[in-house]
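File shown: entry_29.cif. Contents: mmCIF, C-alpha atoms.
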data_upload
loop_
_atom_site.label_atom_id
_atom_site.label_comp_id
_atom_site.auth_asym_id
_atom_site.auth_seq_id
_atom_site.Cartn_x
_atom_site.Cartn_y
_atom_site.Cartn_z
CA MET A 1 101.17 110.27 78.63
CA ARG A 2 99.21 107.05 79.07
CA ALA A 3 102.30 105.10 80.12
CA ALA A 4 103.26 107.63 82.82
CA ASP A 5 99.68 107.81 84.10
CA ALA A 6 99.23 104.03 84.17
CA LEU A 7 102.56 103.47 85.92
CA ALA A 8 101.78 106.13 88.55
CA SER A 9 98.40 104.51 89.25
CA ALA A 10 99.75 100.94 89.33
CA THR A 11 102.66 101.86 91.61
CA ALA A 12 100.43 103.71 94.09
CA THR A 13 97.66 101.09 94.00
CA TYR A 14 99.92 98.24 95.06
CA ALA A 15 102.28 100.23 97.30
CA ILE A 16 99.79 102.05 99.54
CA PRO A 17 98.48 98.95 101.41
CA LEU A 18 102.10 97.82 101.69
CA LEU A 19 103.06 101.23 103.10
CA VAL A 20 100.30 100.94 105.70
CA LEU A 21 101.50 97.47 106.74
CA VAL A 22 105.13 98.66 107.02
CA THR A 23 104.28 101.79 109.05
CA THR A 24 101.65 100.23 111.33
CA GLY A 25 102.18 96.46 111.33
CA SER A 26 98.38 96.13 111.40
CA THR A 27 96.63 93.70 109.07
CA ALA A 28 93.29 95.36 109.85
CA LEU A 29 94.57 98.76 108.71
CA THR A 30 96.07 97.14 105.60
CA GLY A 31 92.64 95.87 104.63
CA LEU A 32 91.14 99.27 105.46
CA ALA A 33 93.69 100.95 103.17
CA PHE A 34 92.65 98.65 100.33
CA LEU A 35 88.99 99.52 100.98
CA LEU A 36 89.64 103.27 101.13
CA GLU A 37 91.66 103.10 97.93
CA TRP A 38 88.90 101.45 95.90
CA ALA A 39 85.73 103.01 97.32
CA PRO A 40 86.48 106.48 95.82
CA ARG A 41 87.12 104.83 92.44
CA LEU A 42 83.49 103.73 92.43
CA ALA A 43 82.36 107.22 93.39
CA ALA A 44 84.40 108.70 90.53
CA PHE A 45 82.07 107.12 87.95
CA ALA A 46 79.28 109.39 89.18
CA PHE A 47 81.04 112.50 87.88
CA ALA A 48 84.19 111.62 85.87
CA GLY A 49 82.27 110.97 82.64
CA SER A 50 80.29 114.20 82.98
CA MET A 51 83.50 116.18 83.56
CA VAL A 52 85.05 114.68 80.44
CA ASP A 53 81.94 115.46 78.37
CA ARG A 54 81.81 119.05 79.63
CA TRP A 55 85.46 120.13 79.57
CA GLY A 56 87.14 117.59 77.30
CA ALA A 57 89.17 114.48 78.03
CA GLY A 58 92.55 116.15 77.48
CA ARG A 59 91.86 118.95 79.95
CA ILE A 60 90.51 116.57 82.60
CA PHE A 61 93.46 114.21 82.12
CA ARG A 62 95.96 117.03 82.54
CA MET A 63 94.18 118.58 85.54
CA SER A 64 93.70 115.26 87.37
CA ASN A 65 97.40 114.49 87.07
CA LEU A 66 98.41 117.98 88.17
CA VAL A 67 96.17 117.65 91.21
CA ARG A 68 97.57 114.17 91.87
CA THR A 69 101.10 115.58 91.72
CA ALA A 70 100.20 118.24 94.30
CA VAL A 71 98.49 115.69 96.57
CA VAL A 72 101.45 113.30 96.44
CA LEU A 73 103.96 116.07 97.18
CA LEU A 74 101.83 117.31 100.08
CA ALA A 75 101.54 113.79 101.51
CA GLY A 76 105.30 113.30 101.11
CA ALA A 77 106.08 116.57 102.89
CA VAL A 78 103.75 115.73 105.79
CA LEU A 79 105.16 112.20 106.15
CA PHE A 80 108.68 113.60 106.07
CA VAL A 81 108.08 115.69 109.23
CA LEU A 82 105.91 113.11 111.03
CA PRO A 83 107.29 110.09 112.93
CA SER A 84 107.71 106.87 110.90
CA ALA A 85 104.75 105.37 112.77
CA GLY A 86 101.81 106.69 114.72
CA THR A 87 98.18 107.70 114.47
CA MET A 88 98.81 110.85 112.41
CA THR A 89 101.09 109.00 110.00
CA THR A 90 98.47 106.31 109.50
CA CYS A 91 95.72 108.88 108.89
CA VAL A 92 97.85 110.68 106.30
CA VAL A 93 98.60 107.45 104.42
CA LEU A 94 94.95 106.32 104.46
CA THR A 95 93.74 109.74 103.28
CA PHE A 96 96.35 109.81 100.55
CA GLY A 97 95.25 106.36 99.40
CA ALA A 98 91.61 107.45 99.13
CA VAL A 99 92.38 110.66 97.20
CA SER A 100 94.91 108.88 94.98
CA GLY A 101 92.38 106.22 94.06
CA LEU A 102 89.77 108.80 93.08
CA LEU A 103 92.17 110.84 90.94
CA ALA A 104 93.51 107.69 89.28
CA GLN A 105 90.01 106.74 88.16
CA VAL A 106 89.24 110.22 86.81
CA SER A 107 92.43 110.23 84.74
CA PHE A 108 91.67 106.69 83.56
CA VAL A 109 88.21 107.66 82.28
CA ALA A 110 89.75 110.65 80.49
CA VAL A 111 92.58 108.70 78.84
CA GLU A 112 90.17 105.94 77.79
CA THR A 113 88.07 108.60 76.08
CA LEU A 114 91.15 109.92 74.28
CA GLY A 115 91.97 106.40 73.17
CA ALA A 116 88.47 105.88 71.81
CA GLU A 117 88.72 109.14 69.86
CA ALA A 118 92.07 108.06 68.39
CA SER A 119 90.56 104.71 67.42
CA ARG A 120 87.71 106.36 65.54
CA ARG A 121 90.14 108.56 63.61
CA LEU A 122 92.07 105.50 62.43
CA GLY A 123 88.98 103.70 61.17
CA ASN A 124 89.91 100.14 60.12
CA ALA A 125 93.23 100.40 61.97
CA ALA A 126 91.51 101.16 65.30
CA HIS A 127 92.60 97.82 66.73
CA ARG A 128 96.20 99.07 66.74
CA VAL A 129 95.30 101.80 69.24
CA GLN A 130 93.43 99.33 71.45
CA ALA A 131 96.32 96.87 71.32
CA ALA A 132 98.78 99.61 72.27
CA GLN A 133 96.61 100.74 75.19
CA THR A 134 96.24 97.19 76.48
CA GLY A 135 99.99 96.64 76.20
CA ILE A 136 100.71 99.84 78.13
CA ASP A 137 98.27 98.97 80.91
CA GLN A 138 99.54 95.39 81.24
CA SER A 139 103.15 96.61 81.27
CA ALA A 140 102.29 99.08 84.03
CA MET A 141 100.77 96.23 86.04
CA LEU A 142 104.01 94.32 85.47
CA VAL A 143 106.40 97.11 86.48
CA GLY A 144 104.28 99.00 89.04
CA PRO A 145 104.22 96.48 91.92
CA LEU A 146 107.93 95.75 91.64
CA LEU A 147 108.77 99.46 91.42
CA GLY A 148 106.58 100.22 94.43
CA GLY A 149 108.24 97.51 96.51
CA LEU A 150 111.74 98.67 95.60
CA LEU A 151 110.98 102.33 96.30
CA LEU A 152 109.29 101.53 99.60
CA LEU A 153 112.34 99.49 100.60
CA ALA A 154 114.40 102.68 100.10
CA SER A 155 111.90 104.93 101.90
CA PRO A 156 108.30 106.17 101.65
CA THR A 157 109.70 109.53 100.52
CA TRP A 158 111.28 107.95 97.44
CA LEU A 159 108.02 106.15 96.64
CA LEU A 160 105.94 109.33 96.78
CA THR A 161 108.54 111.36 94.87
CA VAL A 162 108.55 108.93 91.94
CA VAL A 163 104.73 108.75 91.85
CA ALA A 164 104.61 112.56 91.80
CA LEU A 165 107.15 112.71 88.96
CA LEU A 166 105.17 110.16 86.93
CA ALA A 167 101.92 112.11 87.39
CA LEU A 168 103.67 115.34 86.47
CA THR A 169 105.14 113.68 83.35
CA ALA A 170 101.67 112.51 82.32
CA ALA A 171 100.31 116.05 82.68
CA ALA A 172 103.28 117.64 80.89
CA THR A 173 103.13 115.27 77.93
CA THR A 174 99.41 115.79 77.29
CA THR A 175 99.32 117.04 73.70
CA CYS A 176 97.70 120.32 72.71
CA ASP A 177 95.47 118.44 70.25
CA ALA A 178 94.13 116.31 73.09
CA VAL A 179 93.37 119.35 75.22
CA ALA A 180 91.72 121.20 72.33
CA THR A 181 89.46 118.29 71.30
CA ASP A 182 85.77 119.19 71.49
CA HIS A 183 83.31 116.92 73.28
CA ARG A 184 79.59 117.13 72.70
CA PRO A 185 77.45 116.24 75.72
CA VAL A 186 75.48 112.99 75.37
CA PRO A 187 72.22 112.67 77.35
CA SER A 188 72.61 109.66 79.66
CA SER A 189 72.50 108.69 83.29
CA LEU A 190 73.17 105.76 85.55
CA LEU A 191 69.40 105.17 85.72
CA THR A 192 69.28 104.78 81.94
CA GLY A 193 72.17 102.34 82.10
CA TRP A 194 70.57 100.40 84.96
CA ALA A 195 67.31 100.01 83.02
CA THR A 196 69.20 98.77 79.95
CA PHE A 197 71.25 96.40 82.08
CA ARG A 198 68.15 94.84 83.62
CA ARG A 199 66.62 94.33 80.18
CA THR A 200 69.65 92.34 78.99
CA PRO A 201 69.63 88.94 80.78
CA ALA A 202 72.91 87.71 79.28
CA LEU A 203 74.64 90.85 80.54
CA VAL A 204 73.24 90.25 84.03
CA TRP A 205 74.71 86.73 84.06
CA LEU A 206 78.06 88.01 82.82
CA VAL A 207 78.36 90.81 85.37
CA GLY A 208 77.21 88.59 88.25
CA GLY A 209 79.89 86.01 87.51
CA LEU A 210 82.60 88.61 87.11
CA ALA A 211 81.62 90.35 90.35
CA ALA A 212 82.08 87.09 92.29
CA SER A 213 85.40 86.52 90.52
CA ASN A 214 86.55 90.03 91.46
CA LEU A 215 85.70 89.39 95.12
CA ALA A 216 88.03 86.39 95.18
CA THR A 217 90.78 88.25 93.32
CA GLY A 218 90.35 91.32 95.52
CA VAL A 219 90.70 89.28 98.70
CA LEU A 220 93.80 87.64 97.22
CA GLN A 221 95.34 91.02 96.38
CA ALA A 222 94.48 92.64 99.71
CA ALA A 223 95.87 89.65 101.62
CA ALA A 224 99.07 89.34 99.55
CA PRO A 225 101.25 91.68 101.70
CA ILE A 226 100.11 89.90 104.84
CA THR A 227 100.68 86.44 103.38
CA VAL A 228 104.11 87.18 101.89
CA ILE A 229 105.54 89.23 104.77
CA GLN A 230 103.96 87.71 107.87
CA HIS A 231 103.29 84.12 106.77
CA PHE A 232 106.21 83.38 104.44
CA HIS A 233 108.54 86.01 106.03
CA TYR A 234 109.72 87.67 102.83
CA SER A 235 110.46 91.37 102.15
CA THR A 236 108.32 94.12 100.65
CA VAL A 237 110.23 93.79 97.36
CA THR A 238 109.09 90.17 97.14
CA VAL A 239 105.44 91.26 97.34
CA GLY A 240 105.94 93.36 94.21
CA SER A 241 107.80 90.55 92.45
CA VAL A 242 104.85 88.19 93.03
CA TRP A 243 102.55 90.55 91.16
CA SER A 244 105.12 91.18 88.45
CA VAL A 245 105.34 87.43 87.78
CA ALA A 246 101.54 87.34 87.75
CA ALA A 247 101.44 90.21 85.24
CA VAL A 248 103.73 88.28 82.88
CA ALA A 249 101.42 85.28 83.12
CA SER A 250 98.45 87.54 82.41
CA LEU A 251 100.12 88.97 79.30
CA ILE A 252 100.80 85.47 77.98
CA ALA A 253 97.21 84.42 78.68
CA VAL A 254 95.81 87.46 76.86
CA TRP A 255 97.94 86.64 73.80
CA THR A 256 96.97 82.95 73.70
CA SER A 257 93.27 83.50 74.45
CA ARG A 258 92.70 85.24 71.10
CA ARG A 259 93.70 82.13 69.16
CA ALA A 260 91.85 79.87 71.59
CA ILE A 261 88.62 81.84 71.09
CA ASP A 262 89.00 81.57 67.31
CA ARG A 263 89.34 77.80 67.61
CA PHE A 264 87.01 76.82 70.45
CA GLY A 265 84.54 79.72 70.80
CA ILE A 266 84.25 82.45 73.38
CA LEU A 267 81.95 80.64 75.83
CA SER A 268 84.12 77.51 75.92
CA VAL A 269 87.28 79.54 76.52
CA GLY A 270 85.51 81.62 79.17
CA ALA A 271 84.28 78.54 81.04
CA ALA A 272 87.73 76.91 80.88
CA THR A 273 89.56 79.99 82.17
CA ALA A 274 86.95 80.38 84.93
CA ALA A 275 87.62 76.82 86.09
CA VAL A 276 91.40 77.33 86.01
CA SER A 277 91.17 80.63 87.91
CA THR A 278 88.93 79.10 90.59
CA ALA A 279 91.21 76.09 91.09
CA ALA A 280 94.25 78.36 91.34
CA CYS A 281 92.49 80.53 93.93
CA VAL A 282 91.98 77.42 96.05
CA ALA A 283 95.68 76.64 95.60
CA THR A 284 96.71 80.05 96.96
CA ALA A 285 94.90 79.30 100.21
CA LEU A 286 96.53 75.88 100.54
CA ALA A 287 100.02 76.76 99.26
CA PRO A 288 102.66 75.09 101.48
CA SER A 289 105.54 77.29 100.31
CA PHE A 290 106.25 80.71 98.87
CA THR A 291 107.08 79.20 95.47
CA ALA A 292 103.77 77.34 95.33
CA TYR A 293 101.97 80.53 96.37
CA THR A 294 103.68 82.57 93.64
CA VAL A 295 102.79 79.99 90.97
CA ALA A 296 99.17 79.86 92.15
CA VAL A 297 98.85 83.66 92.09
CA ALA A 298 100.33 83.71 88.58
CA VAL A 299 97.76 81.14 87.40
CA VAL A 300 94.93 83.13 89.00
CA MET A 301 95.97 86.30 87.17
CA ALA A 302 96.49 84.38 83.91
CA GLY A 303 92.90 83.23 84.17
CA GLU A 304 91.85 86.81 84.91
CA GLY A 305 93.78 88.01 81.84
CA ALA A 306 91.95 85.59 79.57
CA MET A 307 88.66 86.50 81.25
CA THR A 308 89.38 90.13 80.35
CA VAL A 309 89.36 89.21 76.67
CA VAL A 310 86.07 87.36 77.16
CA LEU A 311 84.59 90.38 78.99
CA ARG A 312 85.61 92.82 76.26
CA THR A 313 84.11 90.67 73.54
CA LEU A 314 80.84 89.78 75.28
CA ARG A 315 80.13 93.25 76.67
CA SER A 316 80.70 94.77 73.23
CA ARG A 317 78.13 92.34 71.82
CA LEU A 318 75.56 92.58 74.59
CA ILE A 319 75.34 96.35 75.32
CA PRO A 320 73.06 98.16 72.85
CA VAL A 321 74.70 101.00 70.93
CA GLN A 322 72.09 103.61 71.89
CA ALA A 323 72.72 103.18 75.63
CA PHE A 324 76.34 102.14 75.48
CA GLY A 325 78.03 104.68 77.77
CA SER A 326 75.52 104.67 80.61
CA THR A 327 75.20 100.87 80.60
CA LEU A 328 78.97 100.49 80.57
CA ALA A 329 79.22 102.71 83.66
CA VAL A 330 76.70 100.52 85.49
CA THR A 331 78.53 97.31 84.59
CA ILE A 332 81.88 98.73 85.72
CA ILE A 333 80.44 99.84 89.07
CA LEU A 334 78.86 96.43 89.69
CA VAL A 335 82.06 94.59 88.77
CA LEU A 336 84.20 96.88 90.97
CA LEU A 337 81.92 96.84 94.03
CA PRO A 338 83.46 93.62 95.44
CA LEU A 339 86.92 95.23 95.64
CA PRO A 340 86.23 97.53 98.62
CA LEU A 341 84.29 94.64 100.15
CA ALA A 342 87.44 92.53 99.82
CA GLY A 343 89.37 95.16 101.76
CA ALA A 344 86.72 95.21 104.47
CA LEU A 345 86.88 91.41 104.79
CA ILE A 346 90.67 91.47 105.22
CA ALA A 347 90.28 94.24 107.80
CA ILE A 348 87.88 92.26 110.01
CA VAL A 349 89.13 88.69 109.53
CA PRO A 350 92.00 87.56 111.83
CA THR A 351 95.27 86.81 110.08
CA ALA A 352 95.07 83.10 110.88
CA GLU A 353 91.65 82.87 109.18
CA ILE A 354 92.72 84.43 105.84
CA PRO A 355 93.30 81.01 104.15
CA ARG A 356 89.76 79.97 105.08
CA LEU A 357 88.44 83.27 103.72
CA LEU A 358 90.24 82.62 100.42
CA LEU A 359 88.73 79.12 100.26
CA ALA A 360 85.23 80.51 100.86
CA CYS A 361 85.70 83.17 98.15
CA ALA A 362 87.03 80.55 95.73
CA ALA A 363 83.98 78.36 96.37
CA LEU A 364 81.67 81.34 95.78
CA GLN A 365 83.60 82.20 92.62
CA GLY A 366 83.25 78.66 91.28
CA LEU A 367 79.51 78.53 91.92
CA ALA A 368 78.88 82.01 90.49
CA LEU A 369 80.95 81.44 87.33
CA SER A 370 79.31 78.05 86.74
CA ALA A 371 75.89 79.72 86.93
CA CYS A 372 77.19 82.59 84.77
CA PHE A 373 78.29 80.45 81.85
CA ALA A 374 75.25 78.19 82.14
CA GLY A 375 73.09 81.32 81.84
CA LEU A 376 75.16 82.66 78.93
CA ARG A 377 74.73 79.38 77.05
CA ARG A 378 70.96 79.84 77.30
CA HIS A 379 71.48 83.18 75.54
CA ARG A 380 74.03 81.84 73.05
CA THR A 381 72.49 83.74 70.14
CA ALA A 382 72.95 87.11 71.84
CA CYS A 383 76.54 86.23 72.76
CA GLU A 384 77.56 85.00 69.32
CA LEU A 385 75.93 87.66 67.15
CA PRO A 386 77.71 90.99 67.70
CA HIS A 387 75.91 94.28 67.43
CA PRO A 388 77.28 96.29 64.53
CA GLN A 389 79.70 99.17 65.17
CA VAL A 390 80.13 98.56 68.89
CA PRO A 391 83.70 99.12 70.15
CA ALA A 392 85.52 96.59 72.30
CA LEU A 393 85.46 97.07 76.04
CA HIS A 394 87.86 96.15 78.77
CA LYS A 395 87.94 94.96 82.42
CA GLU A 396 89.07 97.49 85.15
CA PRO A 397 92.18 96.49 87.61
CA ALA A 398 93.26 94.46 90.43
CA GLN A 399 93.12 95.71 90.01
CA PRO A 400 91.96 92.51 90.63
CA ALA A 401 89.49 92.04 87.68
CA ASP A 402 87.59 95.41 86.66
CA ALA A 403 88.66 95.85 87.89
CA PRO A 404 87.59 97.34 87.04
#
Show the structure stored in the file as structure tokens.
Amino acid sequence: MRAADALASATATYAIPLLVLVTTGSTALTGLAFLLEWAPRLAAFAFAGSMVDRWGAGRIFRMSNLVRTAVVLLAGAVLFVLPSAGTMTTCVVLTFGAVSGLLAQVSFVAVETLGAEASRRLGNAAHRVQAAQTGIDQSAMLVGPLLGGLLLLASPTWLLTVVALLALTAAATTTCDAVATDHRPVPSSLLTGWATFRRTPALVWLVGGLAASNLATGVLQAAAPITVIQHFHYSTVTVGSVWSVAAVASLIAVWTSRRAIDRFGILSVGAATAAVSTAACVATALAPSFTAYTVAVAVVMAGEGAMTVVLRTLRSRLIPVQAFGSTLAVTIILVLLPLPLAGALIAIVPTAEIPRLLLACAALQGLALSACFAGLRRHRTACELPHPQVPALHKEPAQPADAP
């Protein structure tokens, strides 16, 4: 159920901006599609957690995927009767992207809750569940972009049909035990989380650095279809292959970062991966060839993969147990906010100026991450002494980083 859900979300996330570019040829609308896809994800945090607490994660997971199936089929039917390009076609694709992004986030919150419940039932073996979930998500990021590019090369109808089938599979494979699981409401709010966040200086430094990093990664992701298709003159399938190569690099980085942290410490590894990611982001803007661009993107996402491990570890140590859920929601929102901003920047910046935009974002990322790790070193005790019984957290997805 998690694999089908993750693959449906990853395929749609990377294919929708590409679909807009193919049907309209407009770089501005491509950036707008990226913005409209991520903005509802932020809004979903205002109610997704409450829905899960009230009706249960299994029920919400099943219902969100059933609704997503219906929305995808409706969008496919409308696009089938509309011309391949035009104002109505563009509006349908943009609306579908917004609704798809919202439903993807609701199902993600629900399946994460189910994973946490499974972890608690396994006690000392909880890390096996977390490792499996991470592997599934990373694999979806590997396969999703390539699958989306291939399906879009066939036709938008094939793309939407496969996404609908994946969502329907996720809903159909939701176990009865998951649906029947009881959830007791926990008093919390975003205001509670915000107050806790402000009282934790190390957490403020961490989230600030990661937000700047996500802006750079978001701009890179939103600009990728434009760069690959219009600058390097490659096909839509090649766009997906770039991100698939990057996902492999990210998987390798996640695996090696665990041993590196054991040997060198979490702050040293975090600072090193931040420097590598920033330098690679600069390289994407200056890449003279498609091969150099692909390698640079892979290095950026490898750095993001290692940074994900750092984020999980530090957030689990810095967020107090008694305000864990509400504070986590606040940190995710703050880390994800730059992603719709990245889409807006691509929408308003002329195509010829995108390399300069990437350079500016890379410079901002370098400054912010330098300040971040300098601030974290001043709070070394809080970073190195974990709170007892706090579960590991994760970074959301680029989608670029939290990404979420």
May I have the residues within 6 Å of Ala306 in chain A as a count of residues only, using only C-alpha atoms and disregarding those fewer than 6 positions away in the same chain? 3
Evaluate the PyMOL selection byres ((chain A and resi 349-366) around 7) and report residues as a list in words: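 Selected by the PyMOL selection byres ((chain A and resi 349-366) around 7) here: Ala212, Ser213, Leu215, Ala216, Val219, Leu220, Thr278, Cys281, Val282, Ala285, Leu345, Ile346, Ala347, Ile348, Leu367, Ala368, Leu369 and Ser370 of chain A.
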Run the PyMOL selection byres ((chain A and resi 380) around 12) mentally over the shown coordinates, then write out the matched residues as a PDB file with C-alpha atoms, keeping the file's coordinate frame, using the chain letters and numbers from the document.
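Output (result.pdb):
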ATOM      1  CA  PRO A 201      69.630  88.940  80.780  1.00  0.00           C
ATOM      2  CA  ALA A 202      72.910  87.710  79.280  1.00  0.00           C
ATOM      3  CA  LEU A 203      74.640  90.850  80.540  1.00  0.00           C
ATOM      4  CA  GLY A 265      84.540  79.720  70.800  1.00  0.00           C
ATOM      5  CA  ILE A 266      84.250  82.450  73.380  1.00  0.00           C
ATOM      6  CA  LEU A 267      81.950  80.640  75.830  1.00  0.00           C
ATOM      7  CA  SER A 268      84.120  77.510  75.920  1.00  0.00           C
ATOM      8  CA  LEU A 314      80.840  89.780  75.280  1.00  0.00           C
ATOM      9  CA  ARG A 317      78.130  92.340  71.820  1.00  0.00           C
ATOM     10  CA  LEU A 318      75.560  92.580  74.590  1.00  0.00           C
ATOM     11  CA  PHE A 373      78.290  80.450  81.850  1.00  0.00           C
ATOM     12  CA  ALA A 374      75.250  78.190  82.140  1.00  0.00           C
ATOM     13  CA  GLY A 375      73.090  81.320  81.840  1.00  0.00           C
ATOM     14  CA  LEU A 376      75.160  82.660  78.930  1.00  0.00           C
ATOM     15  CA  ARG A 377      74.730  79.380  77.050  1.00  0.00           C
ATOM     16  CA  ARG A 378      70.960  79.840  77.300  1.00  0.00           C
ATOM     17  CA  HIS A 379      71.480  83.180  75.540  1.00  0.00           C
ATOM     18  CA  THR A 381      72.490  83.740  70.140  1.00  0.00           C
ATOM     19  CA  ALA A 382      72.950  87.110  71.840  1.00  0.00           C
ATOM     20  CA  CYS A 383      76.540  86.230  72.760  1.00  0.00           C
ATOM     21  CA  GLU A 384      77.560  85.000  69.320  1.00  0.00           C
ATOM     22  CA  LEU A 385      75.930  87.660  67.150  1.00  0.00           C
ATOM     23  CA  PRO A 386      77.710  90.990  67.700  1.00  0.00           C
TER      24      PRO A 386
END
Which neighbours of range 88-101 of chain A fall inside 9 Å, counting only C-alpha atoms, when residues of the same chain fewer than 3 positions from it are skipped, and could you give them as a PyMOL selection string? chain A and resi 9+12-13+16-17+19-20+23-24+29+32-41+68+71-72+75+78-79+82-85+104-106
Kindly resolve the PyMOL selection byres ((chain A and resi 151) around 12) on the present coordinates and return the residues as a PyMOL selection string. chain A and resi 11-12+14-16+18-19+144-150+152-163+236-237+240
Nearest candidate to Gly270 in chain A (options A:Arg121, A:Arg258, A:Arg198, A:His231; using all atoms listed in the file): A:Arg258
Nearest residue to Ser289 in chain A from the set A:Leu336, A:Leu191, A:Val228, A:Val330 (distances using only C-alpha atoms):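 Answer, going by the shortest atom-to-atom distance: A:Val228.
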Select, counting only C-alpha atoms, all protein, DNA and RNA residues no farther than 6 Å from (106.1, 105.5, 87.5) in file coordinates, and express the selection as a PyMOL selection string. chain A and resi 4+7-8+163+166
Shell around Thr175 in chain A at 12 Å using all atoms listed in the file, local window under 5 positions removed, as a PyMOL selection string: chain A and resi 1-2+57-59+61-62+111+114+169-170+180-181
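CA of Ile333 in chain A is positioned 27.4 Å from CA of Thr174 in chain A.
For the pair CA of Met307 in chain A and CA of Ile319 in chain A, the separation is 17.6 Å.
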Judged by all atoms listed in the file, the minimum distance to Ala283 in chain A among A:Val299, A:Leu251, A:Val269, A:Ala344 is found for A:Val299
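Coordinates place CA of Val309 in chain A at a distance of 22.3 Å from CA of Gly193 in chain A.
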Residues of range 292-357 of chain A that approach range 42-52 of chain A to 12 Å or less, counting all atoms listed in the file: could you list each one with the shortest pair of atoms and its distance in Å to one decimal, rows by chain and increasing residue number, as a Markdown table?
| residue | atom | partner | partner_atom | distance |
| --- | --- | --- | --- | --- |
| A:Gly325 | CA | A:Gly49 | CA | 9.0 |
| A:Ser326 | CA | A:Gly49 | CA | 9.5 |
| A:Thr327 | CA | A:Phe45 | CA | 11.8 |
| A:Leu328 | CA | A:Phe45 | CA | 10.4 |
| A:Ala329 | CA | A:Phe45 | CA | 6.8 |
| A:Val330 | CA | A:Phe45 | CA | 8.9 |
| A:Thr331 | CA | A:Phe45 | CA | 11.0 |
| A:Ile332 | CA | A:Leu42 | CA | 8.5 |
| A:Ile333 | CA | A:Leu42 | CA | 6.0 |
| A:Leu334 | CA | A:Leu42 | CA | 9.1 |
| A:Val335 | CA | A:Leu42 | CA | 9.9 |
| A:Leu336 | CA | A:Leu42 | CA | 7.0 |
| A:Leu337 | CA | A:Leu42 | CA | 7.2 |
| A:Pro338 | CA | A:Leu42 | CA | 10.5 |
| A:Leu339 | CA | A:Leu42 | CA | 9.7 |
| A:Pro340 | CA | A:Leu42 | CA | 9.2 |
| A:Leu341 | CA | A:Leu42 | CA | 12.0 |
Using only C-alpha atoms, which of A:Val204, A:Val81, A:Ala171, A:Ile136 sits nearest Arg315 in chain A? A:Val204
